[in-house]
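**Student:** File follows, run-v1.cif with mmCIF, C-alpha atoms:
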data_final
loop_
_atom_site.label_atom_id
_atom_site.label_comp_id
_atom_site.auth_asym_id
_atom_site.auth_seq_id
_atom_site.Cartn_x
_atom_site.Cartn_y
_atom_site.Cartn_z
CA MET A 1 -25.72 39.93 -4.39
CA ILE A 2 -22.47 40.16 -2.41
CA PRO A 3 -23.20 37.29 0.04
CA PHE A 4 -24.15 34.97 -2.84
CA THR A 5 -21.22 36.13 -4.93
CA TYR A 6 -18.73 35.41 -2.20
CA GLY A 7 -20.46 32.15 -1.33
CA PHE A 8 -19.80 31.20 -4.94
CA VAL A 9 -16.22 32.52 -4.67
CA GLY A 10 -15.62 30.44 -1.54
CA TRP A 11 -16.99 27.30 -3.20
CA VAL A 12 -14.99 27.79 -6.41
CA THR A 13 -11.72 28.55 -4.64
CA ASN A 14 -12.02 25.51 -2.39
CA TRP A 15 -13.09 23.28 -5.29
CA LEU A 16 -10.18 24.48 -7.40
CA ALA A 17 -7.74 24.08 -4.50
CA LEU A 18 -8.76 20.43 -4.16
CA LYS A 19 -8.43 19.82 -7.89
CA MET A 20 -4.97 21.40 -7.82
CA THR A 21 -4.06 19.09 -4.95
CA PHE A 22 -4.78 15.93 -6.94
CA TYR A 23 -4.61 16.87 -10.62
CA PRO A 24 -3.20 16.74 -13.16
CA ILE A 25 -1.40 13.47 -12.48
CA HIS A 26 1.39 14.45 -14.87
CA PHE A 27 2.90 17.90 -15.43
CA VAL A 28 0.96 20.05 -17.89
CA GLY A 29 2.67 23.10 -19.38
CA ILE A 30 6.24 24.02 -20.18
CA PRO A 31 8.57 22.42 -17.61
CA PRO A 32 9.96 23.08 -15.18
CA TYR A 33 8.16 26.23 -14.00
CA PHE A 34 5.44 27.25 -16.44
CA GLY A 35 2.62 24.82 -15.77
CA TRP A 36 1.17 22.69 -13.01
CA GLN A 37 1.14 19.18 -11.63
CA GLY A 38 -1.08 18.11 -8.73
CA ILE A 39 0.61 18.58 -5.37
CA ILE A 40 0.19 14.93 -4.42
CA PRO A 41 1.41 13.49 -7.77
CA ARG A 42 4.33 15.95 -7.76
CA LYS A 43 5.41 14.80 -4.32
CA ALA A 44 4.31 11.20 -4.69
CA HIS A 45 7.74 9.73 -3.91
CA LYS A 46 8.09 11.80 -0.75
CA MET A 47 4.56 11.00 0.38
CA ALA A 48 5.08 7.34 -0.45
CA SER A 49 8.19 7.40 1.74
CA LYS A 50 6.13 8.85 4.59
CA SER A 51 3.49 6.17 4.07
CA VAL A 52 6.21 3.51 4.11
CA ASP A 53 7.53 4.84 7.41
CA VAL A 54 4.05 4.87 8.96
CA ILE A 55 3.22 1.38 7.70
CA THR A 56 6.50 -0.32 8.59
CA GLU A 57 7.28 1.50 11.83
CA ARG A 58 3.85 1.96 13.39
CA LEU A 59 1.29 -0.30 11.72
CA LEU A 60 2.96 -3.50 10.61
CA ASN A 61 5.54 -5.91 11.99
CA ILE A 62 6.40 -8.10 9.01
CA LYS A 63 8.01 -10.81 11.16
CA GLU A 64 4.91 -10.99 13.32
CA VAL A 65 2.77 -11.17 10.17
CA PHE A 66 4.68 -14.10 8.65
CA LEU A 67 4.63 -16.04 11.92
CA LYS A 68 0.88 -16.40 11.35
CA VAL A 69 1.63 -18.77 8.46
CA ASP A 70 1.27 -22.38 9.60
CA PRO A 71 4.00 -24.46 7.84
CA LYS A 72 1.88 -27.63 8.09
CA LYS A 73 -1.15 -25.93 6.57
CA ALA A 74 1.01 -24.39 3.84
CA GLU A 75 2.35 -27.87 3.06
CA THR A 76 -1.21 -29.21 2.72
CA VAL A 77 -2.11 -26.39 0.31
CA PHE A 78 1.11 -26.38 -1.72
CA LEU A 79 2.15 -30.03 -1.97
CA PRO A 80 -0.56 -31.12 -4.46
CA ALA A 81 0.80 -28.54 -6.94
CA LEU A 82 4.14 -30.40 -6.93
CA ASP A 83 2.67 -33.87 -7.53
CA SER A 84 3.39 -34.17 -11.27
CA SER A 85 6.79 -32.59 -10.81
CA ILE A 86 7.72 -35.13 -8.13
CA ARG A 87 6.83 -38.08 -10.37
CA TYR A 88 8.68 -36.57 -13.32
CA THR A 89 11.87 -35.80 -11.38
CA ILE A 90 11.99 -39.30 -9.82
CA LYS A 91 12.03 -40.86 -13.29
CA GLU A 92 14.53 -38.30 -14.59
CA PHE A 93 16.79 -39.03 -11.63
CA SER A 94 16.59 -42.77 -12.28
CA ASP A 95 17.23 -42.36 -16.02
CA SER A 96 20.26 -40.21 -15.39
CA LEU A 97 21.83 -43.12 -13.48
CA ASP A 98 20.67 -45.90 -15.81
CA PRO A 99 18.07 -45.43 -18.58
CA LYS A 100 16.83 -49.02 -18.09
CA LEU A 101 16.59 -48.88 -14.32
CA TRP A 102 13.11 -47.31 -13.99
CA GLU A 103 11.51 -49.82 -16.38
CA ILE A 104 12.56 -52.83 -14.35
CA ILE A 105 11.44 -51.44 -10.98
CA PRO A 106 8.08 -52.97 -9.92
CA ASP A 107 5.10 -50.58 -9.83
CA LEU A 108 4.63 -51.20 -6.11
CA VAL A 109 8.20 -50.10 -5.44
CA LYS A 110 7.78 -47.07 -7.72
CA GLU A 111 4.75 -45.96 -5.66
CA GLU A 112 6.66 -46.51 -2.44
CA ILE A 113 9.50 -44.33 -3.77
CA TYR A 114 7.00 -41.69 -4.88
CA HIS A 115 5.28 -41.53 -1.47
CA LYS A 116 8.61 -41.35 0.34
CA VAL A 117 9.80 -38.52 -1.91
CA LYS A 118 6.46 -36.75 -1.44
CA ARG A 119 6.76 -36.99 2.35
CA GLU A 120 10.28 -35.59 2.16
CA SER A 121 9.02 -32.82 -0.15
CA GLY A 122 6.43 -31.93 2.48
CA ILE A 123 9.17 -31.71 5.08
CA THR A 124 11.14 -29.48 2.71
CA ILE A 125 8.17 -27.11 2.33
CA ARG A 126 7.80 -26.80 6.11
CA LYS A 127 11.52 -26.21 6.63
CA VAL A 128 11.69 -23.57 3.87
CA ILE A 129 8.73 -21.70 5.38
CA ARG A 130 10.29 -21.81 8.86
CA LYS A 131 13.53 -20.51 7.35
CA LEU A 132 11.61 -17.68 5.68
CA GLN A 133 9.89 -16.85 8.95
CA ALA A 134 13.20 -16.76 10.82
CA ASP A 135 14.94 -14.54 8.24
CA ILE A 136 11.99 -12.62 6.76
CA ASP A 137 13.46 -9.21 7.67
CA SER A 138 16.43 -9.86 5.38
CA LEU A 139 14.56 -11.83 2.71
CA PHE A 140 11.51 -9.59 2.27
CA ASP A 141 11.91 -5.84 1.76
CA VAL A 142 8.49 -4.50 2.69
CA LYS A 143 9.66 -0.88 2.37
CA ALA A 144 10.80 -1.42 -1.21
CA LEU A 145 7.52 -3.08 -2.10
CA VAL A 146 5.33 -0.30 -0.67
CA LEU A 147 7.50 2.42 -2.22
CA LYS A 148 7.43 0.71 -5.62
CA LYS A 149 3.64 0.42 -5.53
CA LEU A 150 3.14 4.08 -4.57
CA SER A 151 5.58 5.90 -6.84
CA GLY A 152 6.82 6.07 -10.42
CA SER A 153 4.22 4.75 -12.83
CA ASN A 154 1.96 3.94 -9.86
CA VAL A 155 1.59 7.56 -8.77
CA SER A 156 -2.17 7.44 -9.43
CA LEU A 157 -2.46 4.93 -6.57
CA VAL A 158 -1.20 7.58 -4.13
CA VAL A 159 -3.92 9.94 -5.36
CA GLU A 160 -6.54 7.20 -5.06
CA LEU A 161 -5.38 6.32 -1.54
CA PHE A 162 -5.65 9.90 -0.25
CA GLN A 163 -8.93 10.57 -2.06
CA GLU A 164 -10.66 7.52 -0.61
CA VAL A 165 -9.32 7.92 2.92
CA GLY A 166 -10.15 11.64 3.10
CA ALA A 167 -13.30 11.68 0.92
CA PRO A 168 -15.68 13.17 3.58
CA GLU A 169 -13.10 15.80 4.57
CA PHE A 170 -12.51 16.85 0.98
CA ARG A 171 -16.27 17.17 0.41
CA PHE A 172 -16.46 19.33 3.52
CA ILE A 173 -13.68 21.60 2.25
CA GLU A 174 -15.55 22.07 -1.02
CA ARG A 175 -18.99 22.75 0.47
CA SER A 176 -17.80 24.82 3.40
CA GLY A 177 -16.39 27.33 0.95
CA PHE A 178 -19.92 28.43 0.10
CA TYR A 179 -21.07 28.65 3.73
CA PHE A 180 -18.04 30.60 4.93
CA GLY A 181 -18.10 32.78 1.82
CA PHE A 182 -21.79 33.58 2.31
CA LEU A 183 -21.30 34.52 5.99
CA LEU A 184 -18.31 36.70 5.18
CA GLY A 185 -20.32 38.19 2.31
CA LEU A 186 -22.97 39.34 4.78
CA VAL A 187 -20.28 41.28 6.63
CA GLN A 188 -19.05 42.75 3.34
CA MET A 189 -22.59 43.69 2.35
CA VAL A 190 -23.01 45.74 5.53
CA PHE A 191 -19.58 47.30 4.95
CA MET A 192 -20.52 48.31 1.39
CA ILE A 193 -23.78 49.90 2.58
CA PHE A 194 -21.97 52.23 4.93
CA PHE A 195 -18.68 52.49 3.01
CA PRO A 196 -19.46 52.04 -0.70
CA LEU A 197 -15.84 52.02 -1.82
CA SER A 198 -15.57 49.84 -4.92
CA TRP A 199 -11.78 49.70 -4.76
CA THR A 200 -12.05 47.66 -1.53
CA LEU A 201 -13.79 44.76 -3.32
CA PRO A 202 -10.56 43.05 -4.48
CA ILE A 203 -9.19 43.37 -0.94
CA GLN A 204 -12.37 41.86 0.46
CA GLY A 205 -12.08 39.08 -2.14
CA VAL A 206 -8.59 38.28 -0.88
CA ILE A 207 -9.91 38.04 2.67
CA VAL A 208 -12.79 35.76 1.68
CA GLY A 209 -10.66 33.47 -0.49
CA TYR A 210 -8.02 33.22 2.21
CA LEU A 211 -10.35 32.64 5.16
CA THR A 212 -12.62 30.06 3.49
CA ASN A 213 -9.69 27.76 2.72
CA TYR A 214 -8.00 28.40 6.05
CA LEU A 215 -11.12 27.78 8.15
CA ALA A 216 -11.99 24.58 6.26
CA LEU A 217 -8.53 23.11 6.88
CA GLU A 218 -8.60 24.11 10.53
CA MET A 219 -11.98 22.50 11.11
CA ILE A 220 -10.77 19.22 9.62
CA PHE A 221 -7.67 18.87 11.79
CA ARG A 222 -8.34 20.94 14.90
CA PRO A 223 -8.81 20.40 17.71
CA LEU A 224 -6.84 17.17 17.95
CA LEU A 225 -8.75 16.09 21.05
CA PRO A 226 -12.48 16.53 21.77
CA LYS A 227 -13.30 19.91 23.33
CA LYS A 228 -16.44 21.32 24.90
CA VAL A 229 -17.93 24.35 23.15
CA LEU A 230 -19.76 26.68 25.54
CA GLY A 231 -20.22 23.64 27.75
CA LEU A 232 -23.03 22.48 25.46
CA TRP A 233 -21.55 20.18 22.84
CA THR A 234 -18.30 18.42 22.07
CA TYR A 235 -16.28 19.24 18.99
CA GLN A 236 -13.22 17.61 17.44
CA GLY A 237 -11.45 17.91 14.09
CA LEU A 238 -13.55 16.08 11.49
CA PHE A 239 -10.74 13.78 10.39
CA LEU A 240 -9.69 12.96 13.95
CA LYS A 241 -13.27 12.17 14.85
CA ARG A 242 -13.32 9.44 12.19
CA GLN A 243 -10.12 7.74 13.38
CA ASN A 244 -11.55 4.25 13.73
CA GLU A 245 -13.44 4.40 10.43
CA VAL A 246 -10.45 5.83 8.56
CA SER A 247 -8.12 3.25 10.10
CA ARG A 248 -10.22 0.34 8.83
CA LEU A 249 -10.53 1.87 5.36
CA TYR A 250 -6.82 2.68 5.10
CA ALA A 251 -5.87 -0.84 6.20
CA LYS A 252 -8.32 -2.32 3.68
CA LEU A 253 -6.91 -0.24 0.81
CA VAL A 254 -3.29 -1.10 1.67
CA SER A 255 -4.03 -4.82 2.01
CA GLU A 256 -6.03 -4.93 -1.24
CA LYS A 257 -3.88 -2.70 -3.44
CA ILE A 258 -0.33 -2.75 -2.06
CA LEU A 259 0.48 -5.54 0.40
CA THR A 260 -1.58 -8.15 -1.43
CA PRO A 261 -0.62 -11.85 -1.22
CA LYS A 262 0.26 -11.74 -4.92
CA ASN A 263 2.55 -8.71 -4.49
CA ILE A 264 4.20 -10.28 -1.45
CA LEU A 265 4.85 -13.55 -3.30
CA SER A 266 6.16 -11.64 -6.32
CA GLU A 267 8.58 -9.70 -4.12
CA LEU A 268 9.83 -12.92 -2.53
CA ILE A 269 10.14 -14.76 -5.85
CA PHE A 270 11.47 -12.00 -8.08
CA GLY A 271 12.84 -9.48 -5.59
CA LYS A 272 16.31 -9.01 -4.17
CA ALA A 273 16.14 -12.19 -2.07
CA SER A 274 14.96 -14.51 -4.87
CA LYS A 275 18.39 -16.12 -5.37
CA GLU A 276 18.77 -16.74 -1.65
CA ILE A 277 15.32 -18.32 -1.46
CA ILE A 278 16.07 -20.58 -4.42
CA ASP A 279 19.35 -21.60 -2.76
CA ILE A 280 17.45 -22.49 0.43
CA ILE A 281 15.07 -24.73 -1.54
CA ARG A 282 17.92 -26.37 -3.48
CA LYS A 283 19.84 -27.08 -0.31
CA GLU A 284 16.82 -28.67 1.37
CA VAL A 285 15.93 -30.74 -1.71
CA SER A 286 19.51 -31.94 -2.07
CA GLY A 287 19.55 -33.02 1.57
CA HIS A 288 16.32 -34.97 1.18
CA VAL A 289 17.61 -36.71 -1.96
CA ASP A 290 20.49 -37.97 0.18
CA THR A 291 17.99 -39.15 2.79
CA VAL A 292 15.81 -41.01 0.28
CA THR A 293 18.78 -42.70 -1.44
CA PHE A 294 20.77 -43.47 1.69
CA LEU A 295 20.56 -47.27 1.27
CA ALA A 296 21.61 -47.08 -2.38
CA LYS A 297 24.85 -45.20 -1.69
CA PRO A 298 27.09 -48.31 -1.20
CA ALA A 299 25.95 -49.73 -4.54
CA LEU A 300 26.60 -46.42 -6.26
CA TYR A 301 30.12 -46.31 -4.86
CA ALA A 302 30.70 -49.93 -5.86
CA THR A 303 29.57 -49.36 -9.45
CA GLY A 304 31.47 -46.09 -9.81
CA LYS A 305 28.27 -44.08 -10.41
CA ILE A 306 28.58 -41.79 -7.41
CA SER A 307 29.77 -38.83 -9.55
CA GLU A 308 26.78 -39.33 -11.87
CA PHE A 309 24.59 -39.47 -8.77
CA ASP A 310 25.94 -36.14 -7.48
CA ALA A 311 25.38 -34.46 -10.85
CA ALA A 312 21.86 -35.87 -11.06
CA LYS A 313 21.12 -34.77 -7.52
CA GLU A 314 22.12 -31.19 -8.37
CA ARG A 315 19.91 -31.21 -11.47
CA ILE A 316 16.98 -32.50 -9.45
CA ALA A 317 17.54 -29.87 -6.76
CA VAL A 318 17.58 -27.10 -9.36
CA ALA A 319 14.50 -28.49 -11.14
CA MET A 320 12.53 -28.83 -7.90
CA ALA A 321 13.50 -25.32 -6.79
CA ASP A 322 12.40 -23.89 -10.14
CA ASN A 323 9.15 -25.83 -9.98
CA ALA A 324 8.46 -24.65 -6.46
CA ILE A 325 8.95 -21.04 -7.57
CA GLU A 326 6.67 -21.54 -10.58
CA ASN A 327 3.91 -22.97 -8.39
CA ALA A 328 4.35 -20.58 -5.45
CA PHE A 329 1.22 -18.63 -6.37
CA HIS A 330 -0.86 -21.63 -5.29
CA LEU A 331 -0.24 -20.23 -1.80
CA GLU A 332 -1.86 -16.89 -2.65
CA ALA A 333 -5.31 -17.66 -1.22
CA TYR A 334 -3.89 -19.23 1.94
CA LEU A 335 -1.57 -16.26 2.53
CA GLY A 336 -4.53 -13.91 2.23
CA GLU A 337 -6.32 -15.83 4.98
CA SER A 338 -3.37 -16.29 7.32
CA LEU A 339 -1.38 -13.03 7.17
CA GLN A 340 -4.29 -10.85 8.42
CA ILE A 341 -2.53 -7.67 7.34
CA GLU A 342 -5.75 -5.67 7.18
CA LYS A 343 -6.72 -6.52 10.77
CA MET A 344 -3.28 -5.83 12.23
CA MET A 345 -2.96 -2.47 10.46
CA GLY A 346 -6.52 -1.42 11.28
CA ASP A 347 -6.17 -2.23 14.98
CA ARG A 348 -2.84 -0.42 15.33
CA MET A 349 -3.84 2.60 13.29
CA SER A 350 -7.02 3.14 15.29
CA ALA A 351 -4.86 3.18 18.44
CA LEU A 352 -2.40 5.83 17.17
CA PRO A 353 -2.12 9.09 19.15
CA PRO A 354 -4.12 11.88 17.43
CA LYS A 355 -0.99 13.77 16.32
CA GLU A 356 0.44 10.75 14.51
CA PHE A 357 -2.94 9.83 13.04
CA GLU A 358 -3.46 13.38 11.73
CA SER A 359 -0.25 13.23 9.68
CA ILE A 360 -1.56 10.33 7.58
CA LEU A 361 -3.95 12.60 5.67
CA ARG A 362 -2.45 16.02 6.33
CA SER A 363 0.90 14.95 4.88
CA ALA A 364 -0.89 15.01 1.50
CA PHE A 365 -0.78 18.79 1.39
CA GLN A 366 0.71 20.12 4.64
CA GLU A 367 3.83 21.55 3.00
CA ASP A 368 1.65 23.33 0.44
CA GLU A 369 -1.27 24.36 2.64
CA MET A 370 -0.23 27.99 2.39
CA LEU A 371 -0.03 27.70 -1.38
CA LEU A 372 -3.60 26.39 -1.51
CA ILE A 373 -4.80 29.16 0.81
CA LEU A 374 -3.04 31.80 -1.31
CA VAL A 375 -4.61 30.36 -4.45
CA GLY A 376 -7.97 30.98 -2.79
CA ALA A 377 -6.92 34.51 -1.92
CA ALA A 378 -5.77 35.22 -5.48
CA LEU A 379 -9.02 33.93 -6.97
CA GLY A 380 -10.99 36.00 -4.47
CA ALA A 381 -9.04 39.07 -5.53
CA LEU A 382 -9.83 38.30 -9.17
CA VAL A 383 -13.57 38.07 -8.47
CA GLY A 384 -13.43 41.28 -6.41
CA TRP A 385 -11.72 43.04 -9.29
CA PHE A 386 -14.38 41.73 -11.68
CA GLN A 387 -17.10 43.13 -9.38
CA MET A 388 -15.35 46.48 -9.15
CA VAL A 389 -14.92 46.86 -12.92
CA PHE A 390 -18.12 45.35 -14.34
CA ILE A 391 -20.75 45.47 -11.62
CA ILE A 392 -20.29 48.31 -9.16
#
Once more with this new file: its structure as structure tokens, please.
**Tutor:**
Amino acid sequence: MIPFTYGFVGWVTNWLALKMTFYPIHFVGIPPYFGWQGIIPRKAHKMASKSVDVITERLLNIKEVFLKVDPKKAETVFLPALDSSIRYTIKEFSDSLDPKLWEIIPDLVKEEIYHKVKRESGITIRKVIRKLQADIDSLFDVKALVLKKLSGSNVSLVVELFQEVGAPEFRFIERSGFYFGFLLGLVQMVFMIFFPLSWTLPIQGVIVGYLTNYLALEMIFRPLLPKKVLGLWTYQGLFLKRQNEVSRLYAKLVSEKILTPKNILSELIFGKASKEIIDIIRKEVSGHVDTVTFLAKPALYATGKISEFDAAKERIAVAMADNAIENAFHLEAYLGESLQIEKMMGDRMSALPPKEFESILRSAFQEDEMLLILVGAALGALVGWFQMVFII
């Protein structure tokens, strides 16, 4: 029974080690020491920081990403959302100068004014986007966004990210425990035939628990580069062998769950640069109001309404900026098509040197690898003790 027993021990210890890596999400027990929290959730902030560094330093150039946005195309997509706002603000602007003025303007002239303002609004959209592209490094904090989405209340997303990216490797760790345990159990069986010393069973359990976890981890990450075995077949660490597949999956998960168009727009609109972006829009709108009303300026000076004009212009600029912010999510679908974050990250990640690529998954538990291996050893010792006391 020893080979089967230690096959079971190897499977259980590896299975439990994986569960302890990911769960529980939140600390269970009496803090701070009596209890347990999954290794990844416990170190989510640190791991998120590592992910941020990998994404922003090796996989993604945010300036290069935003340069893929075509200002003219963005104008075509976004301008229709401002249509009702343009008509409303034209009338409000006119009423603020003279409540009777708009009613006496012929409909043909009103439409001409509307189309001129709409053209100028289109120019404003293009100029604002070019301004964003030029200053995106200061206006968009990609590190803050990624960190926010991978830590705090979002800690479960870190667990999900590592589980999906390393799913085949984690299954291998679990199953290999039985195979390694069974093989080592055969050796123990022979040992017990010739040296039937029951007190050695806990020691043998320690060895089995330790080696099954250690060997599984080694086979996942070593060797980094393909190596010939006995000149017959080529072997490489299981995770490294899947570099292209993992790269595409990782890029897909990041682009769908973290750097989504909606999250990017939210960071721009509500993040640290929101005031600066609103100021850019207000400045551009104010300048275009001056352009549209250029011919009316002498009359405004002559009638003494220039101060009212300036106040109205500021109100219009603020209203248009607020409206642009409110309607910004109309650009979500277009951003998803144009930014191509998934493709850029996937291409660059698949080209990483093996050592850098390895760290993406191994960082999940590298600092605590020895802890996981020792957990396996302790459980093996427990099973060996159980055999010694109740079976042998």
**Student:** Considering all atoms listed in the file, return as a PDB file with C-alpha atoms, in the frame of the given file whatever protein or nucleic-acid residues lie within 8 Å of segment 263-277 of chain A, sequence-local ones (same chain, fewer than 3 positions apart) excluded.
**Tutor:**
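Result file out-v6.pdb:
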ATOM      1  CA  SER A 138      16.430  -9.860   5.380  1.00  0.00           C
ATOM      2  CA  LEU A 139      14.560 -11.830   2.710  1.00  0.00           C
ATOM      3  CA  PHE A 140      11.510  -9.590   2.270  1.00  0.00           C
ATOM      4  CA  ASP A 141      11.910  -5.840   1.760  1.00  0.00           C
ATOM      5  CA  LEU A 145       7.520  -3.080  -2.100  1.00  0.00           C
ATOM      6  CA  ILE A 258      -0.330  -2.750  -2.060  1.00  0.00           C
ATOM      7  CA  LEU A 259       0.480  -5.540   0.400  1.00  0.00           C
ATOM      8  CA  THR A 260      -1.580  -8.150  -1.430  1.00  0.00           C
ATOM      9  CA  ILE A 280      17.450 -22.490   0.430  1.00  0.00           C
ATOM     10  CA  ILE A 281      15.070 -24.730  -1.540  1.00  0.00           C
ATOM     11  CA  ILE A 325       8.950 -21.040  -7.570  1.00  0.00           C
ATOM     12  CA  ALA A 328       4.350 -20.580  -5.450  1.00  0.00           C
ATOM     13  CA  PHE A 329       1.220 -18.630  -6.370  1.00  0.00           C
ATOM     14  CA  GLU A 332      -1.860 -16.890  -2.650  1.00  0.00           C
TER      15      GLU A 332
END
**Student:** One decimal, Å: what's the distance from atom CA of Leu184 of chain A over to atom CA of Leu197 of chain A, could you say?
**Tutor:** 17.0 Å
**Student:** Would you work out the distance separating atom CA of Tyr88 of chain A from atom CA of Glu314 of chain A, expressed in Å to one decimal?
**Tutor:**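 Between these atoms lies a distance of 15.3 Å.
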**Student:** Apply the PyMOL selection byres ((chain A and resi 255) around 10) to the displayed file and report the matching residues as number ranges by chain.
**Tutor:** A: 249-254, 256-261, 336, 340-343, 345
**Student:** If I take atom CA of Gly380 of chain A and atom CA of Phe162 of chain A, how far is one from the other in Å, to one decimal?
**Tutor:**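 Separation between atom CA of Gly380 of chain A and atom CA of Phe162 of chain A: 27.0 Å.
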**Student:** Compile the contact shell of segment 22-25 of chain A as an mmCIF file with C-alpha atoms, in the frame of the given file: residues with an atom at most 10 Å away, counting only C-alpha atoms, same-chain residues fewer than 2 positions apart removed.
**Tutor:**
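Below is the file part_36.cif, written as the result:
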data_model
loop_
_atom_site.group_PDB
_atom_site.id
_atom_site.type_symbol
_atom_site.label_atom_id
_atom_site.label_comp_id
_atom_site.auth_asym_id
_atom_site.auth_seq_id
_atom_site.Cartn_x
_atom_site.Cartn_y
_atom_site.Cartn_z
ATOM 1 C CA LEU A 16 -10.180 24.480 -7.400
ATOM 2 C CA ALA A 17 -7.740 24.080 -4.500
ATOM 3 C CA LEU A 18 -8.760 20.430 -4.160
ATOM 4 C CA LYS A 19 -8.430 19.820 -7.890
ATOM 5 C CA MET A 20 -4.970 21.400 -7.820
ATOM 6 C CA PHE A 27 2.900 17.900 -15.430
ATOM 7 C CA VAL A 28 0.960 20.050 -17.890
ATOM 8 C CA TRP A 36 1.170 22.690 -13.010
ATOM 9 C CA GLN A 37 1.140 19.180 -11.630
ATOM 10 C CA GLY A 38 -1.080 18.110 -8.730
ATOM 11 C CA ILE A 39 0.610 18.580 -5.370
ATOM 12 C CA ILE A 40 0.190 14.930 -4.420
ATOM 13 C CA PRO A 41 1.410 13.490 -7.770
ATOM 14 C CA ARG A 42 4.330 15.950 -7.760
ATOM 15 C CA ALA A 44 4.310 11.200 -4.690
ATOM 16 C CA VAL A 155 1.590 7.560 -8.770
ATOM 17 C CA SER A 156 -2.170 7.440 -9.430
ATOM 18 C CA VAL A 158 -1.200 7.580 -4.130
ATOM 19 C CA VAL A 159 -3.920 9.940 -5.360
ATOM 20 C CA GLU A 160 -6.540 7.200 -5.060
ATOM 21 C CA PHE A 162 -5.650 9.900 -0.250
ATOM 22 C CA GLN A 163 -8.930 10.570 -2.060
ATOM 23 C CA ALA A 364 -0.890 15.010 1.500
ATOM 24 C CA PHE A 365 -0.780 18.790 1.390
#
**Student:** Please identify all polymer residues within 12 Å of Pro226 of chain A, counting only C-alpha atoms, omitting same-chain residues fewer than 5 positions from it, and present them as a PyMOL selection string.
**Tutor:** chain A and resi 221+233-242+354
**Student:** Looking at only C-alpha atoms, which of A:Ile105, A:Met189, A:Val375, A:Met47 is the one that sits closest to Arg362 of chain A?
**Tutor:**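 Of the candidates, the smallest distance to Arg362 of chain A is held by A:Met47.
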**Student:** For this structure, which residues satisfy the selection - the PyMOL selection byres ((chain A and resi 126) around 10) - when it is evaluated on the file as given? I want them as a tab-separated table (two decimals) with C-alpha atoms, in the coordinates of the input.
**Tutor:**
chain	number	residue	atom	x	y	z
A	70	ASP	CA	1.27	-22.38	9.60
A	71	PRO	CA	4.00	-24.46	7.84
A	72	LYS	CA	1.88	-27.63	8.09
A	73	LYS	CA	-1.15	-25.93	6.57
A	74	ALA	CA	1.01	-24.39	3.84
A	75	GLU	CA	2.35	-27.87	3.06
A	76	THR	CA	-1.21	-29.21	2.72
A	120	GLU	CA	10.28	-35.59	2.16
A	121	SER	CA	9.02	-32.82	-0.15
A	122	GLY	CA	6.43	-31.93	2.48
A	123	ILE	CA	9.17	-31.71	5.08
A	124	THR	CA	11.14	-29.48	2.71
A	125	ILE	CA	8.17	-27.11	2.33
A	127	LYS	CA	11.52	-26.21	6.63
A	128	VAL	CA	11.69	-23.57	3.87
A	129	ILE	CA	8.73	-21.70	5.38
A	130	ARG	CA	10.29	-21.81	8.86
A	131	LYS	CA	13.53	-20.51	7.35
A	132	LEU	CA	11.61	-17.68	5.68
**Student:** Which of these residues is nearest to Leu371 of chain A, using all atoms listed in the file: A:Lys149, A:Glu111, A:Leu82, A:Tyr210?
**Tutor:**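 Using all atoms listed in the file, Leu371 of chain A sits closest to A:Tyr210.
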**Student:** Counting all atoms listed in the file, figure out which residue out of A:Asn14, A:Ser286, A:Thr200, A:Thr89 gets nearest to Glu174 of chain A.
**Tutor:** A:Asn14
**Student:** Name the residues within 7 Å of (4.4, -24.7, -3.9), counting only C-alpha atoms in the file's coordinates, and put them as a VMD selection string.
**Tutor:** chain A and resid 78 to 79 81 to 82 324 to 325 327 to 328 330 to 331
**Student:** With all atoms listed in the file as the atoms that count, which of A:Ile220, A:Val54, A:Leu382, A:Val389 lies nearest to Val146 of chain A?
**Tutor:** A:Val54
**Student:** Under the PyMOL selection byres ((chain A and resi 3-5) around 7), which residues of this model are included? Write them out as JSON, numbers by chain.
**Tutor:** {"A": [1, 2, 6, 7, 8, 9, 182, 183, 185, 186, 189]}
**Student:** Point out the residue among A:Ile316, A:Arg171, A:Arg248, A:Val117 with the least atom-to-atom distance to Arg348 of chain A, counting only C-alpha atoms.
**Tutor:**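 Closest to Arg348 of chain A, using only C-alpha atoms: A:Arg248.
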